[in-house]
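Chemist: Take a look at the following structure, please.
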Amino acid sequence: MSTAHPRKRMSAQQRRTVIEEAATEVFAAHGYQRAAMDEIARRSGVSVPVVYDHFPSKRELHRHLLERHFAELRELWRERLPVPGGADELGTEEVTRAFDAWFGYIETHPYAWRMLFRDTTGDEEVRADHRAVVDGSREALLPFFARLVGIPLDGAPDDHVRVEAELAWEVCRSVLQGLALWWLDRPEVPRARVVSAAVDAVWTGLERSRLTRTRP
């Protein structure tokens, strides 16, 4: 007599989560154009029609994943840097912890990171989706980021302050993204060393700039 237990049936949400994780791996490994829904289904342990039950098209699945991972990164910043007073209450120790958590996400979600910043698809519609998600994520985070670095963006009447905030954001984004992509190819480098390099390159410069702006 068999003693095997029947496999517990997944809920719709659990199945959707499994599909998303498998799809992230496939998109990261092959890029959008070469990613196949049947491979996503196979890795998920479901049939192709089940994948389409959750996501009507490959493009919609791809965009959903972009939005999801960017949202998780935004939430990470807000959780790790809950500083009501903004830049005046923010120190290197707090920033180091936040950067460590951010690179921790990279370390535990390498496929997500490759999908966000290494997909070189030639599909113009998908590239437009990617640009729209990136721009939307920046717009969602920019006021929070500006407060952290002491730039009075909220209610700013002119474009000068907006440009200043965007420049500071681009410096931060470029350094963190570049280091993360480099680190994915050099996983033997300790995370603490990468975090230290990020803090030195980003926060030290932004803090110096803030003090210059606020100096009487």
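In the structure tokens, each chain is lettered A, B, ... as it comes, each chain's residues begin at 1, and ligands are numbered from 1 in order of appearance.
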Skipping near chain neighbours, those fewer than 6 positions away, what residues fall within 12 Å of His130 (chain A) using only C-alpha atoms, listed as a ChimeraX atom specification?

Modeler: /A:32,59-60,62-67,70,115-124,136-137

Chemist: Work out how far CA of Asp185 (chain A) is from CA of Asp38 (chain A), in Å to one decimal.

Modeler: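 Answer for the CA of Asp38 (chain A) to CA of Asp185 (chain A) separation: 28.6 Å.
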
Chemist: How many Å separate CA of Val175 (chain A) from CA of Trp113 (chain A)?

Modeler: 14.7 Å

Chemist: Measuring between only C-alpha atoms, which one of A:Val50, A:Val26, A:Ala101, A:Ile40 shows the shortest distance to Leu73 (chain A)?

Modeler: A:Ala101

Chemist: Expressed in Å to a single decimal, how great is the separation between CA of Val163 (chain A) and CA of Val195 (chain A)?

Modeler: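 It comes out at 26.8 Å.
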
Chemist: Taking only C-alpha atoms into account, which of A:Leu148, A:His160, A:Leu153, A:His109 comes nearest Arg78 (chain A)?

Modeler: A:Leu148
